[in-house]
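Okay, structure first, notes after.
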There are 2 protein chains.
Amino acid sequence: MAHPAEPQRFTGSGKLRPEEQIYQEMLGAILDRRLEPGMKLIEENLAKTFGVSRARIRAAFLQLAHDKLINLVPNRGAFVSEPTIAEAIEVFSARRMIEDGVVRKVTAHMNDDQAEQIRAHLQAEHKAHHEGDHRAAIILSGEFHLLLARLANNLVIEEFLERLILRSSLIIAMYESPQPADCSHDDHDELLRALTGGDADEAASCMAKHLDNIRDRLQLQREKPGKTDFASIFGRHPSSKAG
Amino acid sequence: MAHPAEPQRFTGSGKLRPEEQIYQEMLGAILDRRLEPGMKLIEENLAKTFGVSRARIRAAFLQLAHDKLINLVPNRGAFVSEPTIAEAIEVFSARRMIEDGVVRKVTAHMNDDQAEQIRAHLQAEHKAHHEGDHRAAIILSGEFHLLLARLANNLVIEEFLERLILRSSLIIAMYESPQPADCSHDDHDELLRALTGGDADEAASCMAKHLDNIRDRLQLQREKPGKTDFASIFGRHPSSKAG
DNA sequence: GTTATGCAAATCGTCAACAATTTTGTAAAA
DNA sequence: TTTTACAAAATTGTTGACGATTTGCATAAC
C-alpha cells in the first residue's frame with residue numbers, strides 16, 4: 001500500500017483530491033505490475049475496494065486511458081494496456097524526437113543554478129543505486145528526464161513527456177531483461193557533462209544514445225502474449241472457424 | 001493492433017458514437033467561437049441541449065479538459081479555456097520542437113507516393129483558398145501539419161500534434177489579427193519543395209519559420225481580458241481588498 | 001451609506017438503482 | 001459428436017435523485 005515515491009503529477013494544486021488519489025493508486029499498481037498487462041479491471045470490484053461508487057472509478061479510467069495505460073473497450077470494459085513491440089518502438093522514437101529538442105534548449109540556456117539542480121538529482125540517483133533501492137532508482141531515473149524537461153521551460157513539453165515516461169515505465173516493466181541492467185545513471189552522468197559543456201549537438205547525441213540504450217536493453221524480439229491472446233501463444237490467428 | 005476506441009476528430013463521416021458526437025460538437029463550437037473563451041459551461045443546460053444526462057456531458061468535459069480546451073474548476077464548473085500569452089508562446093514553441101523532428105524524419109524517408117499525398121493536399125488547400133472558403137482553409141491548413149506527422153510514421157507524435165493543433169486553433173481564434181492573413185499556404189508550398197529536395201536542415205528551417213510566422217501574425221502584445229478578468233482590465237492584480 | 005449576516009437559488013458532486021449488453025452455461029437438435 | 005438455440009449470470013451503460021457547495025440577493029446592523 002505504501003508507495004513512498006509515488007510519481008507525482010504536477011497539477012498545480014498541491015492538495016491531493018480523492019479522485020486523484022484513486023488515479024494515483026491504480027497508476028502505481030499498474031507500473032508495479034501488481035495489475036498485470038491485459039488484466040481486466042472490473043468497475044464494481046474497484047469501487048468496493050476504494051469505497052467509492054462506480055462513477056469515480058469510471059472517471060479514473062478515462063484519465064488512465066488517456067495516458068494509454070489502460071484500454072477502454074465499449075461494452076466490454078477496461079484492461080491494463082499491453083503495449084506492443086511496435087508501440088514500444090514508437091514511444092522511444094517519440095522520446096528521441098522530443099528530448100532532442102529538450103537537451104538542445106537546456107544546453108543553450110544552462111546556468112549554474114540549473115546545473116546544480118541536475119547534480120543534486122544525480123546524487124540522489126547514485127545514492128539509491130548504491131543502497132540497492134531498485135524501485136527508487138527507477139523512479140528517479142524517470143524523474144531525471146522530467147527535470148530536464150522542466151529546465152527547458154515549456155509546460156506543454158513537460159506534461160507530454162511526463163506521460164511518455166509513464167508509458168515507458170509500463171513498457172520497461174513488460175519487456176525488461178532478466179538481469180537488472182540498471183546502469184543508466186552512467187548515461188545520465190555523461191549527459192550532464194555534455195549539457196554543461198555547452199555543445200548542443202553532443203548533448204543531443206548523448207540523449208539519443210541513452211534512449212537507444214534503454215530501448216535496446218528491452219527484449220523486443222517477440223511479442224509478449226497477453227493472457228487472453230491465444231493467437232500469438234499458438235502462433236496462429238483466430239480467423240477461420242475450422243482449420 | 002486493435003485500437004477500438006480511437007478518437008477520430010477531423011472526419012465527420014463514419015459511425016459516430018453519441019459520446020464522440022457530443023465531444024465533436026462542443027469542440028467545433030469552441031473552435032468556431034460560438035462558445036467564447038471564458039464562457040461557463042453549465043452541465044444541465046448542455047445535457048438538455050443534447051438530450052442526454054449530465055454524466056455524458058461530464059465525460060465529454062474530461063476529454064476537453066485533457067485537450068486544454070476547457071478548464072475544470074472543482075465545485076465551480078467548466079469554462080472555455082482562455083489561453084494566456086505565455087501559453088500561446090509555449091504551444092508554438094512546443095510545435096517547433098516536435099515538427100522539427102517530424103520534417104526531418106519525413107525528409108529522410110520521402111518517396112513518390114508520399115510526395116503525391118502532400119501535393120494532393122496542397123491542391124485542396126489552394127482550392128479552398130481560391131473559393132474563399134475561409135473555414136475550410138483553416139481546417140485544411142491544420143490538417144497539412146497532421147499529414148506530415150502521419151508521414152513521419154509515429155502514432156505517438158501524431159496524436160500529440162493533433163492535440164497541439166486543436167489548441168493552436170483556439171489560440172489563433174482568440175488572438176488573430178483583424179486582417180485575415182491567411183497566406184500560410186505559400187509557406188506550405190515552400191515546405192513541400194524543401195521536403196522533396198531532401199535537405200533536412202532546410203526543411204526544418206522552413207517549418208520553424210512557418211510556425212514563427214503564424215505566431216507572429218497573432219496579436220500577442222497584451223493579454224486579452226476574459227469577461228471577468230478585471231485584474232488585467234484595470235492593470236492591477238486582485239491581491240489587496242481595497243486599492 | 002457601508003458593511004455584515006443570513007436566507008434562497010443555482011449548480012456541482014455523489015450515489016444507488018435500473019436497463020442494455022456481453023459472456024457463460026446448458027440443453028436440444030442435426 | 002457437433003452445432004445451434006436459448007436461458008442465466010455477470011458486467012457495463014445510463015439515468016434521475018439527493019446532498020454539498022457556491023453564488024446572489026435581501027435584510028439588518030453599524
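Order determines the names: the first chain of the C-alpha cells is A, the second B, and so forth; residues in each chain are numbered 1 upward, and ligands are numbered 1 upward as they are shown.
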Wanna dump the chain D-chain A contacts at 12 Å for me, each residue with its shortest atom pair and the distance in Å to one decimal, counting only C-alpha atoms (C1' of nucleotides), ordered by chain and number, as a Markdown table?
| residue | atom | partner | partner_atom | distance |
| --- | --- | --- | --- | --- |
| D:DA10 | C1' | A:Ile42 | CA | 10.5 |
| D:DT11 | C1' | A:Ile42 | CA | 7.8 |
| D:DT12 | C1' | A:Asn75 | CA | 5.5 |
| D:DG13 | C1' | A:Asn75 | CA | 7.6 |
| D:DT14 | C1' | A:Ala55 | CA | 11.3 |
Selected residues written out, N, CA and C atoms (P, O5', C5', C4', C3', O3' and C1' of nucleotides), as a tab-separated table (two decimals), in the first residue's frame:
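Produced file selection16.tsv, reproduced below:
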chain	number	residue	atom	x	y	z
D	10	DA	P	-23.11	-14.49	-11.14
D	10	DA	O5'	-22.25	-13.48	-12.03
D	10	DA	C5'	-21.43	-14.00	-13.06
D	10	DA	C4'	-20.95	-12.86	-13.97
D	10	DA	C3'	-20.47	-11.61	-13.24
D	10	DA	O3'	-19.23	-11.22	-13.80
D	10	DA	C1'	-22.09	-11.03	-14.87
D	11	DT	P	-18.33	-10.12	-13.04
D	11	DT	O5'	-18.56	-8.83	-13.95
D	11	DT	C5'	-18.29	-8.92	-15.35
D	11	DT	C4'	-18.87	-7.74	-16.07
D	11	DT	C3'	-18.61	-6.38	-15.40
D	11	DT	O3'	-17.73	-5.64	-16.24
D	11	DT	C1'	-20.83	-6.56	-16.25
D	12	DT	P	-17.31	-4.12	-15.81
D	12	DT	O5'	-18.11	-3.24	-16.89
D	12	DT	C5'	-17.98	-3.56	-18.27
D	12	DT	C4'	-19.11	-2.93	-19.06
D	12	DT	C3'	-19.12	-1.40	-19.06
D	12	DT	O3'	-19.33	-0.93	-20.39
D	12	DT	C1'	-21.22	-2.21	-18.38
D	13	DG	P	-19.36	0.66	-20.69
D	13	DG	O5'	-20.90	1.02	-20.68
D	13	DG	C5'	-21.71	0.59	-21.78
D	13	DG	C4'	-23.07	1.28	-21.74
D	13	DG	C3'	-23.03	2.80	-21.64
D	13	DG	O3'	-24.05	3.34	-22.49
D	13	DG	C1'	-24.25	1.91	-19.81
D	14	DT	P	-24.17	4.94	-22.65
D	14	DT	O5'	-25.31	5.32	-21.62
D	14	DT	C5'	-26.54	4.59	-21.66
D	14	DT	C4'	-27.48	5.09	-20.59
D	14	DT	C3'	-27.45	6.60	-20.34
D	14	DT	O3'	-28.68	7.15	-20.78
D	14	DT	C1'	-27.50	5.35	-18.30
Superposition RMSD [C-alpha atoms, order-paired], chain B onto chain A: 4.4 Å
Coordinates-based distance that separates atom C1' of D:DT22 from atom C1' of C:DC7 (Å, one decimal):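 We find that atom C1' of C:DC7 and atom C1' of D:DT22 lie 14.0 Å from each other.
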Interface residues on chain B facing chain A, 6 Å, only C-alpha atoms, written as a PyMOL selection string: chain B and resi 90+97+101+154
Just N, CA and C atoms for this one: save the residues we selected as a PDB file, in the first residue's frame.
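out_34.pdb, freshly written:
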ATOM      1  N   GLU B  90       4.231  29.099 -25.568  1.00  0.00           N
ATOM      2  CA  GLU B  90       4.731  27.751 -25.273  1.00  0.00           C
ATOM      3  C   GLU B  90       4.211  26.725 -26.262  1.00  0.00           C
ATOM      4  N   MET B  97       9.532  22.432 -31.728  1.00  0.00           N
ATOM      5  CA  MET B  97      10.357  21.283 -31.325  1.00  0.00           C
ATOM      6  C   MET B  97       9.896  20.011 -32.016  1.00  0.00           C
ATOM      7  N   GLY B 101      11.489  17.701 -35.620  1.00  0.00           N
ATOM      8  CA  GLY B 101      11.770  16.268 -35.754  1.00  0.00           C
ATOM      9  C   GLY B 101      10.943  15.628 -36.842  1.00  0.00           C
ATOM     10  N   ASN B 154       4.708   7.844 -36.875  1.00  0.00           N
ATOM     11  CA  ASN B 154       4.791   7.646 -35.430  1.00  0.00           C
ATOM     12  C   ASN B 154       3.487   8.110 -34.810  1.00  0.00           C
TER      13      ASN B 154
END
Surrounding residues of stretch 31-36 of chain A excluding itself and chain neighbours under 5 positions, 8 Å, only C-alpha atoms (C1' of nucleotides), as JSON, numbers by chain: {"A": [80, 166, 169, 170, 173]}
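Selecting strand (DSSP E or B) from the backbone DSSP output for stretch 65-112 of chain A yields Ile70, Asn71, Leu72, Val73, Gly77, Ala78, Phe79 and Val80 of chain A.
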Convert the current residue selection to file output with C-alpha atoms, as an mmCIF file, in the first residue's frame.
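After the write, out-v7.cif holds the following:
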data_model
loop_
_atom_site.group_PDB
_atom_site.id
_atom_site.type_symbol
_atom_site.label_atom_id
_atom_site.label_comp_id
_atom_site.auth_asym_id
_atom_site.auth_seq_id
_atom_site.Cartn_x
_atom_site.Cartn_y
_atom_site.Cartn_z
ATOM 1 C CA ILE A 70 -5.379 1.066 -19.841
ATOM 2 C CA ASN A 71 -7.597 0.202 -22.777
ATOM 3 C CA LEU A 72 -11.277 1.079 -22.785
ATOM 4 C CA VAL A 73 -13.426 -1.177 -24.927
ATOM 5 C CA GLY A 77 -14.697 -2.877 -20.004
ATOM 6 C CA ALA A 78 -11.222 -1.691 -19.093
ATOM 7 C CA PHE A 79 -7.996 -3.663 -19.491
ATOM 8 C CA VAL A 80 -4.449 -2.885 -18.464
#
Shell around D:DT27 at 12 Å using only C-alpha atoms (C1' of nucleotides), local window under 4 positions removed, as a list of chain:residue names: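 Residues meeting the cut-off are C:DA4, C:DT5, C:DG6, C:DC7.
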Residue list for chain C near chain A as an MDAnalysis selection string, 10 Å, only C-alpha atoms (C1' of nucleotides): chainID C and resid 14:16 20:23
Can you write just those residues out, C-alpha atoms (C1' of nucleotides), as an mmCIF file, in the first residue's frame?
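Result file out_33.cif:
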data_model
loop_
_atom_site.group_PDB
_atom_site.id
_atom_site.type_symbol
_atom_site.label_atom_id
_atom_site.label_comp_id
_atom_site.auth_asym_id
_atom_site.auth_seq_id
_atom_site.Cartn_x
_atom_site.Cartn_y
_atom_site.Cartn_z
ATOM 1 C "C1'" DT C 14 -22.026 11.624 -5.453
ATOM 2 C "C1'" DC C 15 -24.613 7.741 -5.391
ATOM 3 C "C1'" DA C 16 -27.638 3.699 -5.900
ATOM 4 C "C1'" DA C 20 -28.897 -2.885 -22.099
ATOM 5 C "C1'" DT C 21 -25.230 -5.722 -23.490
ATOM 6 C "C1'" DT C 22 -21.979 -9.284 -23.351
ATOM 7 C "C1'" DT C 23 -20.447 -13.560 -21.655
#
One-decimal distance in Å that lies between atom CA of A:Asp189 and atom CA of A:Ser205: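 These two atoms are separated by 14.0 Å.
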In stretch 20-178 of chain A, DSSP alpha helix (DSSP H) residues written as a VMD selection string: chain A and resid 20 to 31 43 to 50 54 to 66 85 to 109 112 to 130 134 to 151 155 to 175
Separation of atom CA of B:Asp67 from atom CA of B:Glu82 in Å: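 It comes out at 13.0 Å.
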Shortest interatomic distance to B:His130 - which of B:His185, B:Ala108, B:Glu25, B:Arg215, counting only C-alpha atoms: B:His185
